Amino acid sequence: MFPIQIPRAFALVILSAISAITFAQSFTTDKPMVHDPVMAKSGDTYYMMSTGHGLQMAESKDLKTWRVWRKTPLLTAIPAWTHDSVPGFRDHVWAPDIIRWQGRWWMAYSCSTFGKNTSAIGLVSTDSLRPLSDDGRNLIEWRDEGPMICSRGGRDNWNAIDPNFIIGEDGMPWLTFGSFWDGIQLVRLDSTMHIDRSFRQRTIARRKTEGRANPVEAPFVFRHDGWFYLFVSWDYCCRGMESTYKVVVGRSRTVAGPYLDREGRDMALGGGTLVIEGDKKQYEAAGHSAAYRFGDEDIFICHGYSIADNGASVLVQRKMEWTDDGWPVLR
């Protein structure tokens with residue numbers, strides 16, 4: 001092969017372009033690739049947190065165009081206790097949730113390894129959420145609040161991942177969580193956002209399936225018109241075009257349940273009314289949902305396995321409306 005001579009000026013242009021791509025701290029997109037998304041709004045900025053190394057974060061002013069933090073993870077330091085509690089866990093953090101409570105932001109996150117239930121839900125807090133700085137630095141200062149709850153294989157028949165905060169009718173925070181094993185769990189929290197041991201942990205959603213598998217996970221409770229709506233994901237995520245995820249819902253007048261579907265079936269006994277599944281046109285499957293009231297609209301989000309992107313996990317966002325008898329419908 002003969003060497004190619006490139007003019008120096010042209011070479012400088014190429015190097016500048018490569019440098020800009022390599023060192024850019026953020027980029028904007030209207031189709032962010034995310035897994036297990038949740039959102040929060042502070043001031044005029046929407047924040048989206050999702051699974052990733054140290055957790056991924058994006059921000060938006062309009063819920064349409066997202067600025068994605070490329071280099072800096074949301075959690076710049078993973079607490080040492082997580083590695084002691086979950087052997088094999090390093091920095092790939094799963095399925096966060098965030099809430100504003102007593103003038104402070106609280107974020108729960110999942111530490112685990114795939115297919116095992118030796119897991120932990122950690123907690124951090126901060127005074128305020130801040131947008132990404134122009135030079136790409138993460139300006140959010142998180143305080144480690146330690147573990148909320150841990151599960152251990154061979155000891156517990158539940159899995160401490162996929163946390164979701166709820167404010168109950170008593171005005172106190174609650175936590176629902178869980179994946180496979182004995183299904184979706186519910187605990188009450190105290191004013192420090194840790195487990196209130198006076199309330200006995202309970203299972204609020206399961207699947208009725210053949211064999212030992214119990215493919216239900218990713219709970220999210222949304223309060224609307226005097227009801228608590230429990231969204232959960234059925235079947236299997238994380239398999240690209242082979243994923244079978246879908247979201248179902250039930251509701252209860254009290255945060256402690258029981259949660260019944262539209263046909264009156266208890267979700268703890270396998271009930272659930274379908275909300276969204278893969279349409280086989282845009283998405284092969286869709287799941288791990290969240291729901292919010294922003295302004296005068298309710299929105300529903302989840303991740304979908306994009307057919308156009310060969311099964312990549314992307315943000316799905318829909319307006320959520322309600323039937324006359326109070327059940328969610330996505331538009």
# chains A, B, ... in the order shown; residues from 1 in each chain; ligands from 1
$ select_by_dssp --residues "range 162-308 of chain A" --states "strand (DSSP E or B)" --output "number ranges by chain"
A: 164-167, 173-177, 179, 184-189, 195, 202-205, 216-224, 227-234, 246-252, 260, 266, 273-277, 283-294, 297-306
$ closest_atom_pairs --of "range 146-229 of chain A" --to "range 116-121 of chain A" --cutoff "9 Å" --atoms "only C-alpha atoms" --output "Markdown table"
| residue | atom | partner | partner_atom | distance |
| --- | --- | --- | --- | --- |
| A:Gly146 | CA | A:Ile121 | CA | 8.9 |
| A:Pro147 | CA | A:Ile121 | CA | 5.9 |
| A:Met148 | CA | A:Ile121 | CA | 5.6 |
| A:Ile149 | CA | A:Ile121 | CA | 5.5 |
| A:Cys150 | CA | A:Ala120 | CA | 4.2 |
| A:Ser151 | CA | A:Ser119 | CA | 5.3 |
| A:Arg152 | CA | A:Thr118 | CA | 4.1 |
| A:Gly153 | CA | A:Thr118 | CA | 5.0 |
| A:Gly154 | CA | A:Thr118 | CA | 8.7 |
| A:Asp156 | CA | A:Asn117 | CA | 8.0 |
| A:Asn157 | CA | A:Asn117 | CA | 8.2 |
| A:Trp158 | CA | A:Asn117 | CA | 6.9 |
| A:Asn159 | CA | A:Asn117 | CA | 4.8 |
| A:Ala160 | CA | A:Ala120 | CA | 5.3 |
| A:Ile161 | CA | A:Ile121 | CA | 5.9 |
| A:Asp162 | CA | A:Ile121 | CA | 8.0 |
| A:Pro163 | CA | A:Ile121 | CA | 7.1 |
| A:Ser179 | CA | A:Asn117 | CA | 8.6 |
| A:Phe180 | CA | A:Asn117 | CA | 9.0 |
| A:Trp181 | CA | A:Asn117 | CA | 8.1 |
$ atom_distance --atom1 "CA of Tyr236 in chain A" --atom2 "CA of Ser252 in chain A"
25.8 Å
$ residues_around --residues "Thr51 in chain A" --least-positions-apart "3" --cutoff "8 Å" --atoms "only C-alpha atoms" --output "PyMOL selection string"
chain A and resi 34-37+55-56+92-96
$ residues_around --residues "Ser50 in chain A" --least-positions-apart "4" --cutoff "12 Å" --atoms "only C-alpha atoms" --output "PyMOL selection string"
chain A and resi 32-40+54-59+68-69+73-75+92-98+107-110+162+288-290+301-303+313-315
